[in-house]
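What follows is the content of input_13.cif, which has mmCIF, C-alpha atoms:
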data_input
loop_
_atom_site.label_atom_id
_atom_site.label_comp_id
_atom_site.auth_asym_id
_atom_site.auth_seq_id
_atom_site.Cartn_x
_atom_site.Cartn_y
_atom_site.Cartn_z
CA MET A 714 -29.40 -13.07 -2.99
CA PHE A 715 -31.94 -10.72 -4.63
CA PRO A 716 -33.45 -12.94 -7.36
CA ASN A 717 -36.01 -10.42 -8.58
CA GLN A 718 -33.38 -7.84 -9.46
CA PRO A 719 -31.69 -7.70 -12.86
CA LEU A 720 -28.20 -9.16 -13.11
CA PRO A 721 -26.36 -5.78 -13.11
CA ALA A 722 -27.98 -4.80 -9.78
CA ARG A 723 -27.02 -8.17 -8.21
CA MET A 724 -23.48 -7.82 -9.55
CA PHE A 725 -23.27 -4.31 -8.15
CA ARG A 726 -24.39 -5.50 -4.70
CA ALA A 727 -21.88 -8.37 -4.75
CA ALA A 728 -19.05 -6.06 -5.84
CA ARG A 729 -20.01 -3.55 -3.16
CA SER A 730 -19.85 -6.29 -0.49
CA ILE A 731 -16.37 -7.26 -1.65
CA VAL A 732 -15.21 -3.64 -1.60
CA PHE A 733 -16.55 -3.16 1.94
CA ALA A 734 -14.69 -6.29 3.11
CA LEU A 735 -11.45 -5.06 1.53
CA VAL A 736 -11.85 -1.59 3.04
CA ALA A 737 -12.38 -3.18 6.47
CA LEU A 738 -9.20 -5.23 6.09
CA VAL A 739 -7.14 -2.27 4.93
CA THR A 740 -8.57 -0.01 7.65
CA CYS A 741 -7.61 -2.48 10.32
CA PHE A 742 -4.02 -3.15 9.20
CA ALA A 743 -3.06 -0.30 6.89
CA ALA A 744 0.16 1.45 7.69
CA ALA A 745 -0.65 4.88 8.98
CA PRO A 746 0.97 7.30 11.36
CA SER A 747 0.66 6.17 14.94
CA GLN A 748 -1.24 8.39 17.31
CA ALA A 749 2.03 9.54 18.84
CA GLU A 750 3.16 10.68 15.40
CA LYS A 751 -0.15 12.43 14.80
CA GLY A 752 -0.10 14.05 18.22
CA ASP A 753 -3.49 12.63 19.29
CA ARG A 754 -2.04 11.06 22.43
CA HIS A 755 -0.74 12.94 25.43
CA LEU A 756 2.89 12.03 26.10
CA LEU A 757 4.08 13.61 29.29
CA PRO A 758 7.42 15.40 29.21
CA HIS A 759 10.14 13.52 31.05
CA SER A 760 13.77 14.04 31.88
CA GLU A 761 14.83 10.42 31.68
CA PRO A 762 15.92 9.14 28.25
CA GLY A 763 14.29 5.90 27.16
CA LEU A 764 11.03 6.62 28.98
CA VAL A 765 7.60 7.28 27.46
CA VAL A 766 4.70 8.24 29.74
CA ILE A 767 1.29 7.73 28.18
CA VAL A 768 -1.83 9.52 29.39
CA ASP A 769 -5.22 9.61 27.63
CA ASP A 770 -4.78 7.35 24.62
CA PHE A 771 -7.93 6.33 22.71
CA GLY A 772 -6.05 3.74 20.61
CA GLY A 773 -5.85 3.54 16.86
CA ARG A 774 -4.88 1.13 14.11
CA ILE A 775 -3.54 -2.23 15.20
CA GLN A 776 -0.63 -2.20 12.74
CA SER A 777 0.48 1.26 13.83
CA ARG A 778 0.53 0.09 17.44
CA ILE A 779 2.44 -3.09 16.52
CA ASP A 780 5.09 -0.94 14.81
CA GLU A 781 5.31 1.40 17.81
CA ILE A 782 5.66 -1.49 20.27
CA ALA A 783 8.37 -3.09 18.11
CA ARG A 784 10.28 0.20 18.06
CA TYR A 785 10.03 0.57 21.85
CA ARG A 786 11.23 -3.03 22.31
CA GLN A 787 14.16 -2.52 19.97
CA GLU A 788 15.18 0.74 21.68
CA GLY A 789 14.60 -0.66 25.19
CA THR A 790 12.15 2.14 25.92
CA ARG A 791 10.28 1.92 29.20
CA VAL A 792 6.56 2.78 29.01
CA GLU A 793 4.49 4.11 31.89
CA ILE A 794 0.72 4.27 31.48
CA ARG A 795 -0.47 6.81 34.02
CA GLY A 796 -3.82 8.34 34.90
CA GLY A 797 -6.63 9.04 32.49
CA TYR A 798 -7.39 6.25 30.06
CA CYS A 799 -5.82 3.72 27.70
CA TYR A 800 -8.38 2.33 25.25
CA SER A 801 -8.45 0.00 22.29
CA SER A 802 -5.02 -0.64 20.72
CA CYS A 803 -3.34 1.28 23.56
CA THR A 804 -4.06 -1.79 25.72
CA MET A 805 -1.59 -3.73 23.55
CA PHE A 806 1.18 -2.01 25.55
CA LEU A 807 0.29 -4.38 28.39
CA GLY A 808 2.41 -7.03 26.69
CA LEU A 809 5.41 -4.80 26.12
CA GLY A 810 7.33 -6.26 29.04
CA ASN A 811 8.94 -2.98 30.02
CA VAL A 812 5.70 -1.32 31.09
CA CYS A 813 4.11 -0.24 34.35
CA LEU A 814 0.61 0.99 35.19
CA ASP A 815 -0.89 3.59 37.43
CA PRO A 816 -3.74 2.05 39.45
CA GLY A 817 -6.01 4.97 38.55
CA THR A 818 -5.75 4.47 34.79
CA GLU A 819 -8.88 3.16 33.08
CA PHE A 820 -8.25 0.55 30.38
CA GLY A 821 -10.91 0.04 27.71
CA PHE A 822 -11.14 -3.21 25.74
CA HIS A 823 -13.31 -3.97 22.71
CA GLY A 824 -13.14 -6.22 19.70
CA PRO A 825 -11.38 -5.26 16.48
CA ALA A 826 -13.45 -3.15 14.12
CA THR A 827 -13.07 -0.57 11.38
CA LEU A 828 -12.38 3.04 12.25
CA PHE A 829 -16.13 3.59 12.15
CA ARG A 830 -16.66 0.69 14.59
CA THR A 831 -18.43 -1.44 12.02
CA PRO A 832 -17.87 -5.19 12.28
CA LEU A 833 -15.15 -6.83 10.23
CA ALA A 834 -15.61 -9.86 8.02
CA PRO A 835 -15.47 -12.97 10.28
CA GLU A 836 -12.04 -14.11 9.06
CA VAL A 837 -10.58 -10.61 9.42
CA HIS A 838 -12.11 -10.27 12.89
CA ALA A 839 -10.65 -13.63 14.00
CA HIS A 840 -7.19 -12.74 12.71
CA SER A 841 -7.24 -9.23 14.20
CA ALA A 842 -8.45 -10.46 17.60
CA THR A 843 -5.72 -13.11 17.68
CA VAL A 844 -3.08 -10.52 16.81
CA MET A 845 -4.30 -8.16 19.53
CA ALA A 846 -4.50 -10.96 22.09
CA SER A 847 -0.93 -12.00 21.33
CA PHE A 848 0.18 -8.72 22.94
CA TYR A 849 -1.65 -9.40 26.22
CA PRO A 850 -0.19 -11.36 29.12
CA GLU A 851 -2.26 -14.13 30.68
CA PRO A 852 -4.96 -14.01 32.05
CA ILE A 853 -5.84 -10.87 30.06
CA ARG A 854 -5.26 -12.73 26.77
CA HIS A 855 -7.67 -15.49 27.70
CA TRP A 856 -10.35 -13.04 28.89
CA PHE A 857 -9.99 -10.90 25.75
CA LEU A 858 -10.46 -13.90 23.43
CA ASP A 859 -13.38 -15.29 25.43
CA VAL A 860 -15.21 -12.07 26.22
CA ALA A 861 -13.88 -8.68 25.12
CA GLN A 862 -13.23 -9.41 21.44
CA TRP A 863 -16.99 -9.65 20.91
CA ARG A 864 -17.70 -6.15 22.27
CA MET A 865 -18.42 -3.80 19.37
CA SER A 866 -20.31 -1.08 21.19
CA GLY A 867 -18.54 0.79 23.95
CA VAL A 868 -15.69 -0.78 25.90
CA TYR A 869 -15.15 -3.06 28.84
CA ARG A 870 -13.61 -0.76 31.43
CA VAL A 871 -10.95 -2.27 33.67
CA ALA A 872 -9.14 -0.26 36.35
CA GLY A 873 -5.36 -0.26 36.39
CA SER A 874 -5.60 -1.46 40.00
CA GLU A 875 -7.36 -4.64 38.79
CA LEU A 876 -4.68 -5.29 36.16
CA ILE A 877 -2.02 -4.74 38.83
CA ARG A 878 -3.84 -7.27 41.02
CA LEU A 879 -3.59 -9.69 38.08
CA GLY A 880 0.18 -9.27 37.96
CA MET A 881 0.92 -6.17 35.88
CA PRO A 882 3.71 -3.99 37.35
CA ARG A 883 2.64 -0.87 39.21
CA CYS A 884 4.49 2.37 38.45
CA SER A 885 6.36 3.83 41.38
CA ALA A 886 5.19 7.18 42.68
CA THR A 887 8.51 8.81 41.83
CA SER A 888 8.97 7.70 38.22
#

Show me the file's structure as structure tokens.
Amino acid sequence: MFPNQPLPARMFRAARSIVFALVALVTCFAAAPSQAEKGDRHLLPHSEPGLVVIVDDFGGRIQSRIDEIARYRQEGTRVEIRGGYCYSSCTMFLGLGNVCLDPGTEFGFHGPATLFRTPLAPEVHAHSATVMASFYPEPIRHWFLDVAQWRMSGVYRVAGSELIRLGMPRCSATS
């Protein structure tokens, strides 16, 4: 690795690499409050029980989103993604089943990364991308695994109208 350095310096570098890999793994899957719990996402007020309307969601931790989706499935909650944007782990709602999209919503896809958008260890990246993709319906799943999971800078922007064209349900104007 660094053969001209004394053993303690090499050991320190190796230990630091291991710590960074562990931090990346924990950052990606650690249980933490979802964005809805933290109030970072805009949930529109609604009069209908069992309905959540999402606007302007930047995403968050994969595990938090998995927990939120499981809760919505268990409760039979309907999710509408309307206007603004739905980025990163927010896109996992596409596989909820009981979801509809506004054609004007912008969806942003990128590969799994730490909170600071640094790359994950290859095995953690592969696992995280597979988990995320499992929440997408075809052909979004296939495209994500072939293309979007490798995007670490910025996002691939996809209009809600394009996802509707691919088979995602469109929200009615009155709901």

Matched chain/residue IDs from the PyMOL selection byres ((chain A and resi 820) around 9), as a list in words: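 Selected by the PyMOL selection byres ((chain A and resi 820) around 9) in this file: Gly797, Tyr798, Cys799, Tyr800, Ser801, Cys803, Thr804, Thr818, Glu819, Gly821, Phe822, Val868, Tyr869, Arg870, Val871, Ala872, Gly873 and Leu876 of chain A.
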
Which is closer to Thr843 (chain A) than all the others in A:Leu814, A:Ile877, A:Val766, A:Met805, using only C-alpha atoms? A:Met805

Interatomic distance, CA of Val765 (chain A) to CA of Tyr849 (chain A) (Å, one decimal):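 Computed distance, CA of Val765 (chain A) to CA of Tyr849 (chain A), equals 19.1 Å.
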
Long-range neighbours of Leu807 (chain A) as a CSV table (one decimal) with C-alpha atoms, in the frame of the given file, 10 Å cut-off, only C-alpha atoms, 4 positions minimum in chain:
chain,number,residue,atom,x,y,z
A,792,VAL,CA,6.6,2.8,29.0
A,794,ILE,CA,0.7,4.3,31.5
A,803,CYS,CA,-3.3,1.3,23.6
A,811,ASN,CA,8.9,-3.0,30.0
A,812,VAL,CA,5.7,-1.3,31.1
A,813,CYS,CA,4.1,-0.2,34.4
A,814,LEU,CA,0.6,1.0,35.2
A,848,PHE,CA,0.2,-8.7,22.9
A,849,TYR,CA,-1.6,-9.4,26.2
A,850,PRO,CA,-0.2,-11.4,29.1
A,853,ILE,CA,-5.8,-10.9,30.1
A,876,LEU,CA,-4.7,-5.3,36.2
A,881,MET,CA,0.9,-6.2,35.9
A,882,PRO,CA,3.7,-4.0,37.4

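The spacing separating CA of Ile782 (chain A) from CA of Asp770 (chain A) amounts to 14.4 Å.
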
Point-to-point distance from CA of Leu764 (chain A) to CA of Phe857 (chain A), Å rounded to tenths: 27.6 Å

Counting only C-alpha atoms, write as number ranges by chain all protein and nucleic acid residues lying at most 6 Å from (-3.8, 1.9, 40.1) in the file's frame. A: 815-817, 873-874

Which is closer to Val860 (chain A) than all the others in A:Phe806, A:Ile767, A:Ala846, A:Tyr785, using only C-alpha atoms?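 Smallest separation from Val860 (chain A) among the options: A:Ala846.
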
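Distances to Arg830 (chain A) were evaluated for A:Leu858, A:Gly867, A:Gly763, A:Pro852 using all atoms listed in the file, and the minimum falls at A:Gly867.
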
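The set of residues that the PyMOL selection byres ((chain A and resi 841) around 10) takes from this file is Leu738, Cys741, Phe742, Ile775, Gln776, Gly824, Pro825, Ala826, Leu833, Pro835, Glu836, Val837, His838, Ala839, His840, Ala842, Thr843, Val844, Met845, Ala846, Ser847 and Gln862 of chain A.
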
Have a look at A:Ser777, A:Ser885, A:Thr827, A:Thr790 and name the one nearest to Pro762 (chain A); count only C-alpha atoms.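 Among A:Ser777, A:Ser885, A:Thr827, A:Thr790, it is A:Thr790 that comes nearest to Pro762 (chain A).
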